[in-house]
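Just work00.txt here, compact mmCIF, C-alpha atoms:
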```txt
# COMPACT_ATOMS: atom_id res chain seq x y z
CA MET A 1 -24.91 5.11 -4.67
CA THR A 2 -24.39 7.69 -7.41
CA GLU A 3 -22.33 10.38 -5.67
CA LYS A 4 -18.63 9.83 -5.23
CA LEU A 5 -17.40 8.89 -1.78
CA PRO A 6 -15.45 11.67 0.00
CA PHE A 7 -12.37 9.53 0.57
CA LEU A 8 -8.75 9.98 -0.40
CA LEU A 9 -7.22 6.59 -1.20
CA ILE A 10 -3.42 6.52 -1.21
CA ILE A 11 -1.77 3.53 -2.92
CA PRO A 12 1.98 3.75 -2.27
CA HIS A 13 3.34 0.34 -3.28
CA GLY A 14 1.50 -0.81 -6.42
CA GLY A 15 4.19 0.24 -8.91
CA LEU A 16 6.48 -2.07 -10.92
CA ASP A 17 8.68 0.32 -12.91
CA VAL A 18 12.39 0.94 -12.51
CA PRO A 19 13.22 4.68 -12.74
CA GLU A 20 15.11 5.35 -15.94
CA GLU A 21 17.92 6.92 -13.90
CA LEU A 22 18.54 3.55 -12.23
CA TYR A 23 17.83 1.20 -15.12
CA GLY A 24 20.72 -1.21 -15.59
CA HIS A 25 22.01 -0.70 -12.05
CA GLU A 26 19.45 -2.99 -10.43
CA ASN A 27 20.25 -6.47 -9.14
CA VAL A 28 16.60 -7.55 -9.07
CA SER A 29 14.62 -9.21 -11.85
CA PRO A 30 11.08 -8.30 -12.95
CA ILE A 31 9.75 -11.26 -10.96
CA ASN A 32 11.56 -10.02 -7.82
CA ILE A 33 10.06 -6.57 -8.34
CA PHE A 34 6.59 -8.03 -8.88
CA PHE A 35 6.58 -10.04 -5.66
CA GLU A 36 8.00 -7.12 -3.66
CA SER A 37 5.14 -4.91 -4.85
CA ASP A 38 1.57 -4.64 -3.63
CA ALA A 39 0.53 -6.56 -6.71
CA GLY A 40 -2.95 -5.68 -7.92
CA ALA A 41 -3.27 -2.65 -5.64
CA ASN A 42 -3.35 0.05 -8.31
CA PRO A 43 -6.22 -1.38 -10.40
CA ILE A 44 -8.16 -2.62 -7.36
CA PHE A 45 -8.15 0.58 -5.31
CA SER A 46 -8.09 3.33 -7.95
CA LEU A 47 -11.92 3.47 -8.26
CA PRO A 48 -12.00 6.60 -10.48
CA ASP A 49 -15.80 6.66 -10.76
CA SER A 50 -16.52 5.99 -7.10
CA ILE A 51 -14.31 8.14 -4.86
CA TYR A 52 -13.13 11.74 -4.79
CA LYS A 53 -9.46 10.92 -5.36
CA ALA A 54 -6.97 8.03 -5.53
CA ILE A 55 -3.23 8.66 -5.72
CA SER A 56 -0.80 5.95 -6.80
CA THR A 57 2.62 5.53 -8.40
CA ASP A 58 3.98 3.34 -11.20
CA ILE A 59 7.48 3.24 -9.67
CA SER A 60 8.51 0.17 -7.67
CA LYS A 61 8.88 0.77 -3.94
CA LEU A 62 12.34 -0.80 -4.11
CA PHE A 63 13.59 2.31 -5.91
CA VAL A 64 11.30 5.04 -4.57
CA ASP A 65 9.24 4.16 -1.52
CA VAL A 66 6.85 7.07 -1.03
CA ASP A 67 5.86 5.62 2.37
CA ARG A 68 9.29 6.35 3.81
CA GLU A 69 10.67 9.70 4.91
CA TYR A 70 13.06 11.11 2.33
CA LYS A 71 15.93 11.00 4.85
CA GLU A 72 15.65 7.23 5.41
CA LEU A 73 18.49 5.89 3.29
CA SER A 74 21.23 3.25 3.25
CA PRO A 75 23.38 2.58 5.24
CA ILE A 76 21.19 3.83 8.09
CA THR A 77 18.45 1.43 6.97
CA HIS A 78 18.03 -1.23 4.28
CA ASP A 79 14.29 -0.47 4.12
CA GLY A 80 14.35 3.23 3.34
CA VAL A 81 13.07 5.48 0.59
CA ILE A 82 15.58 3.87 -1.80
CA LYS A 83 16.10 0.33 -0.60
CA SER A 84 19.34 -1.61 -0.49
CA ARG A 85 17.74 -5.01 0.23
CA THR A 86 14.43 -6.65 -0.54
CA SER A 87 12.16 -8.31 2.01
CA MET A 88 13.90 -11.57 1.08
CA ASN A 89 17.35 -10.01 1.78
CA LEU A 90 18.33 -9.81 -1.88
CA GLU A 91 20.59 -6.87 -2.79
CA VAL A 92 18.53 -4.35 -4.80
CA PHE A 93 21.52 -2.87 -6.63
CA ARG A 94 24.61 -4.33 -8.25
CA ASP A 95 27.93 -3.84 -6.46
CA ASN A 96 28.80 -0.16 -5.96
CA CYS A 97 25.64 0.95 -7.81
CA TYR A 98 23.55 2.37 -4.95
CA PRO A 99 22.85 5.96 -6.09
CA ASP A 100 25.02 8.79 -4.81
CA GLU A 101 23.72 11.98 -3.19
CA ILE A 102 23.23 13.84 -6.48
CA ALA A 103 21.34 10.94 -8.05
CA ILE A 104 19.21 10.53 -4.91
CA SER A 105 18.31 14.22 -4.95
CA ASN A 106 17.28 14.04 -8.61
CA ILE A 107 15.23 10.89 -8.06
CA LEU A 108 13.40 12.36 -5.07
CA ASN A 109 12.64 15.55 -6.99
CA ARG A 110 11.27 13.63 -9.95
CA TYR A 111 9.25 10.87 -8.27
CA TYR A 112 8.93 11.26 -4.49
CA ARG A 113 8.08 14.93 -3.98
CA PRO A 114 5.46 15.08 -6.78
CA PHE A 115 3.64 12.14 -5.17
CA HIS A 116 3.34 13.96 -1.86
CA ASP A 117 2.60 17.27 -3.57
CA SER A 118 -0.35 15.60 -5.28
CA ILE A 119 -1.67 14.52 -1.87
CA LYS A 120 -1.36 18.05 -0.48
CA THR A 121 -3.08 19.49 -3.57
CA ALA A 122 -5.95 17.00 -3.31
CA ILE A 123 -6.46 17.82 0.37
CA LYS A 124 -6.79 21.50 -0.55
CA GLU A 125 -9.21 20.81 -3.41
CA PHE A 126 -11.55 18.27 -1.78
CA SER A 127 -13.41 18.03 1.51
CA PHE A 128 -12.39 14.52 2.43
CA LYS A 129 -14.01 12.64 5.29
CA ALA A 130 -11.15 10.15 5.64
CA ILE A 131 -7.82 9.07 4.20
CA ILE A 132 -7.31 5.36 3.55
CA GLU A 133 -3.85 4.03 2.78
CA CYS A 134 -4.34 0.92 0.63
CA HIS A 135 -2.15 -2.17 0.25
CA THR A 136 -2.18 -5.82 -0.73
CA HIS A 137 -0.27 -8.32 1.39
CA SER A 138 1.29 -11.75 1.00
CA ALA A 139 -0.62 -14.70 2.41
CA VAL A 140 2.28 -15.46 4.78
CA GLY A 141 4.52 -12.92 6.52
CA PRO A 142 7.90 -12.53 4.73
CA LYS A 143 11.31 -12.90 6.40
CA ASN A 144 11.67 -9.32 7.61
CA ALA A 145 8.07 -8.90 8.86
CA GLN A 146 6.96 -8.94 12.49
CA ASP A 147 4.69 -11.88 11.62
CA ARG A 148 7.26 -13.73 9.48
CA GLY A 149 6.20 -17.25 8.57
CA LYS A 150 2.69 -16.82 9.94
CA PRO A 151 -0.49 -16.97 7.84
CA ARG A 152 -2.27 -13.67 7.40
CA PRO A 153 -5.99 -12.78 7.27
CA LEU A 154 -7.77 -11.84 4.06
CA ILE A 155 -8.30 -8.29 5.40
CA ILE A 156 -6.14 -6.23 7.74
CA THR A 157 -7.05 -2.72 8.84
CA GLY A 158 -5.17 -0.37 11.14
CA CYS A 159 -5.63 2.91 13.00
CA THR A 160 -2.43 3.55 14.95
CA ALA A 161 0.92 5.14 14.10
CA GLY A 162 4.29 5.33 15.79
CA THR A 163 5.34 8.96 16.21
CA ASP A 164 8.18 10.78 17.97
CA SER A 165 5.83 11.38 20.88
CA GLY A 166 4.60 7.79 21.09
CA ILE A 167 1.86 5.64 19.60
CA LYS A 168 -1.17 7.61 18.42
CA HIS A 169 -4.59 6.57 17.21
CA THR A 170 -5.14 7.87 13.67
CA ALA A 171 -8.85 7.00 13.66
CA PRO A 172 -11.34 5.47 16.11
CA GLU A 173 -10.69 1.75 16.59
CA GLY A 174 -14.37 1.07 16.00
CA MET A 175 -14.06 2.63 12.55
CA ALA A 176 -11.20 0.28 11.64
CA MET A 177 -13.19 -2.66 12.99
CA GLU A 178 -16.27 -1.67 11.00
CA LEU A 179 -14.28 -1.42 7.77
CA ALA A 180 -12.67 -4.81 8.37
CA ASN A 181 -15.98 -6.43 9.27
CA ILE A 182 -17.76 -5.09 6.17
CA LEU A 183 -14.94 -6.21 3.88
CA SER A 184 -14.82 -9.65 5.47
CA LYS A 185 -18.46 -10.24 4.59
CA LYS A 186 -17.81 -9.18 1.00
CA LEU A 187 -14.55 -11.08 0.47
CA SER A 188 -14.89 -14.21 2.65
CA LYS A 189 -16.41 -16.19 -0.23
CA GLU A 190 -13.62 -15.13 -2.61
CA GLY A 191 -10.66 -16.82 -0.89
CA ASP A 192 -9.45 -18.97 1.98
CA THR A 193 -7.02 -18.50 4.87
CA VAL A 194 -6.04 -20.65 7.85
CA SER A 195 -5.84 -17.41 9.81
CA ASP A 196 -8.75 -15.20 10.86
CA ILE A 197 -10.78 -13.73 8.00
CA PHE A 198 -9.99 -10.22 9.20
CA ARG A 199 -7.92 -8.42 11.79
CA VAL A 200 -7.50 -4.90 13.12
CA SER A 201 -3.73 -4.77 13.35
CA ASN A 202 -2.12 -4.50 16.77
CA HIS A 203 1.12 -3.37 15.09
CA TYR A 204 1.31 0.39 14.77
CA SER A 205 2.17 1.82 11.37
CA LYS A 206 5.78 2.90 10.91
CA GLY A 207 5.04 4.34 7.47
CA PHE A 208 5.59 7.99 6.65
CA ILE A 209 2.18 8.53 5.06
CA VAL A 210 0.15 7.76 8.18
CA ARG A 211 2.58 9.59 10.47
CA ASN A 212 2.62 12.65 8.23
CA TYR A 213 -1.07 13.08 7.48
CA ILE A 214 -2.59 12.47 10.93
CA GLN A 215 -1.86 16.14 11.59
CA LEU A 216 -4.79 17.02 9.28
CA GLU A 217 -7.35 15.95 11.91
CA LEU A 218 -8.97 13.57 9.44
CA PRO A 219 -9.39 9.86 10.22
CA VAL A 220 -6.47 8.02 8.63
CA LEU A 221 -6.89 4.27 8.20
CA THR A 222 -4.75 1.56 6.68
CA LEU A 223 -6.38 -1.18 4.63
CA SER A 224 -4.75 -4.26 3.15
CA ILE A 225 -6.24 -7.24 1.35
CA SER A 226 -4.54 -10.57 0.76
CA ARG A 227 -2.98 -11.32 -2.61
CA SER A 228 -4.24 -14.88 -2.14
CA LEU A 229 -7.51 -13.52 -3.55
CA PHE A 230 -5.97 -13.29 -7.03
CA LEU A 231 -2.37 -14.60 -7.14
CA ASN A 232 -3.47 -18.18 -7.72
CA GLU A 233 -4.99 -20.38 -10.38
CA PRO A 234 -6.94 -19.62 -12.47
CA PHE A 235 -6.44 -15.87 -12.01
CA PHE A 236 -2.66 -15.54 -12.19
CA ASP A 237 -0.25 -16.30 -15.05
CA LEU A 238 3.12 -16.69 -13.33
CA GLU A 239 5.10 -16.97 -16.55
CA ASN A 240 3.92 -13.56 -17.72
CA MET A 241 3.29 -12.18 -14.21
CA ARG A 242 -0.19 -11.15 -15.25
CA ILE A 243 -3.32 -11.09 -13.10
CA ASP A 244 -6.65 -11.70 -14.80
CA ASP A 245 -8.30 -8.33 -15.47
CA ASN A 246 -11.78 -9.69 -14.79
CA ARG A 247 -10.69 -10.93 -11.38
CA LEU A 248 -9.17 -7.57 -10.50
CA HIS A 249 -12.37 -5.84 -11.61
CA ALA A 250 -14.48 -8.20 -9.50
CA ILE A 251 -12.38 -7.57 -6.37
CA SER A 252 -12.41 -3.82 -7.08
CA SER A 253 -16.22 -3.88 -7.30
CA LEU A 254 -16.40 -5.57 -3.90
CA ILE A 255 -14.08 -2.93 -2.44
CA LYS A 256 -16.30 -0.22 -3.90
CA SER A 257 -19.49 -1.63 -2.40
CA SER A 258 -17.73 -2.16 0.94
CA LEU A 259 -16.59 1.46 1.05
CA GLU A 260 -20.12 2.61 0.27
CA LYS A 261 -21.47 0.65 3.22
CA PHE A 262 -18.60 1.85 5.41
CA TYR A 263 -19.38 5.46 4.58
CA ALA A 264 -23.09 4.99 5.27
CA ARG A 265 -22.39 3.49 8.68
CA CYS A 266 -19.53 5.64 9.92
CA PHE A 267 -20.01 9.16 8.50
```
What does the file become when written as structure tokens?
Amino acid sequence: MTEKLPFLLIIPHGGLDVPEELYGHENVSPINIFFESDAGANPIFSLPDSIYKAISTDISKLFVDVDREYKELSPITHDGVIKSRTSMNLEVFRDNCYPDEIAISNILNRYYRPFHDSIKTAIKEFSFKAIIECHTHSAVGPKNAQDRGKPRPLIITGCTAGTDSGIKHTAPEGMAMELANILSKKLSKEGDTVSDIFRVSNHYSKGFIVRNYIQLELPVLTLSISRSLFLNEPFFDLENMRIDDNRLHAISSLIKSSLEKFYARCF
């Protein structure tokens, strides 16, 4: 396929950077930040030559989570736009170093709002057929997850969101199933799981991105692939926290061909 696919891929959690405004105030190490991120997501899903647009961030979700509403902050929640605890219940900031209102406002203006402005601009510029929010997930559910301690599939897709007026479908369930099924055939030989190879999630998305952009009357899907596909020997150097570039490229190529088949079948 030579023409670019009319998809908008949004990659909210692939970043690893600490905002310079917060540097030195953090209580988390680079390895904590790495394993809290959607490791590998930015290079895998960016696909600059294959899709209309991909939007990502280099900032760690611990410090600016673009998939949370800007009003979601500590102490109301630990898992807000600027987090106070990690998924492993580690304090993100040193004592008395959680940013104050002025610092929060500056951080949101510099990192959060431009991310969402770029989405709005892209939607005006391109005639997208679907929005796909892209993630990578741990092989086993972490402590604060609904599936904590349970093995996860290689591929998880979703098409529901929790809104103020109840649970809403963001895309046809058959579309989410088709995407998961296509990806499972591409990726099943690349890794193992004691769970199902793929799953259409029965947990509705609580993220801001899906809730916010379903109003556009475009299909909005979530897609996540397991980090077990590349965070293991021989593809991952734990000491340097580096994933083999060739492996990332290979997985990215499989994602590309899967999206091509998905577009041909569903649009």
Pick out the closest residue to Arg110 (chain A) from this set: A:Leu218, A:Val28, A:Ile197, A:Val64. Count only C-alpha atoms.
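Result for the nearest residue to Arg110 (chain A): A:Val64.
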Which neighbours of Arg247 (chain A) fall inside 12 Å, counting only C-alpha atoms, when residues of the same chain fewer than 2 positions from it are skipped, and could you give them as JSON, numbers by chain?
{"A": [40, 43, 44, 190, 227, 228, 229, 230, 231, 232, 233, 234, 235, 236, 242, 243, 244, 245, 249, 250, 251, 252, 253, 254]}
Would you please work out which residue, of A:Asn27, A:Phe34, A:Pro6, A:Val66, is nearest to Asn240 (chain A) when using all atoms listed in the file?
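Of A:Asn27, A:Phe34, A:Pro6, A:Val66, the one nearest Asn240 (chain A) is A:Phe34, counting all atoms listed in the file.
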Hey, can you check how far CA of Ile132 (chain A) sits from CA of Ala54 (chain A)?
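One can read the CA of Ile132 (chain A) to CA of Ala54 (chain A) distance as 9.5 Å.
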Skip Ser84 (chain A) itself and residues of its chain fewer than 6 positions away, then list as a PyMOL selection string all residues within 8 Å of it, counting all atoms listed in the file.
chain A and resi 62+74+78+91-93+98
Give me the residues near Glu21 (chain A) as a count of residues only, where near means some atom within 12 Å (using all atoms listed in the file) and where sequence neighbours in that chain fewer than 4 positions away do not count.
19
Using only C-alpha atoms, pick whichever of A:Met88, A:Ile55, A:Ile167, A:Ile156 has the shortest atom-to-atom distance to Pro114 (chain A).
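Ranking A:Met88, A:Ile55, A:Ile167, A:Ile156 by distance to Pro114 (chain A), first place goes to A:Ile55.
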Place a sphere of radius 7 Å on (-2.5, -4.8, 1.7) in the file coordinates and name every protein, DNA or RNA residue with an atom inside or on its surface, counting only C-alpha atoms; give the answer as a list of chain:residue names.
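Nearby residues: A:Asp38, A:Cys134, A:His135, A:Thr136, A:His137, A:Leu223, A:Ser224, A:Ile225, A:Ser226.
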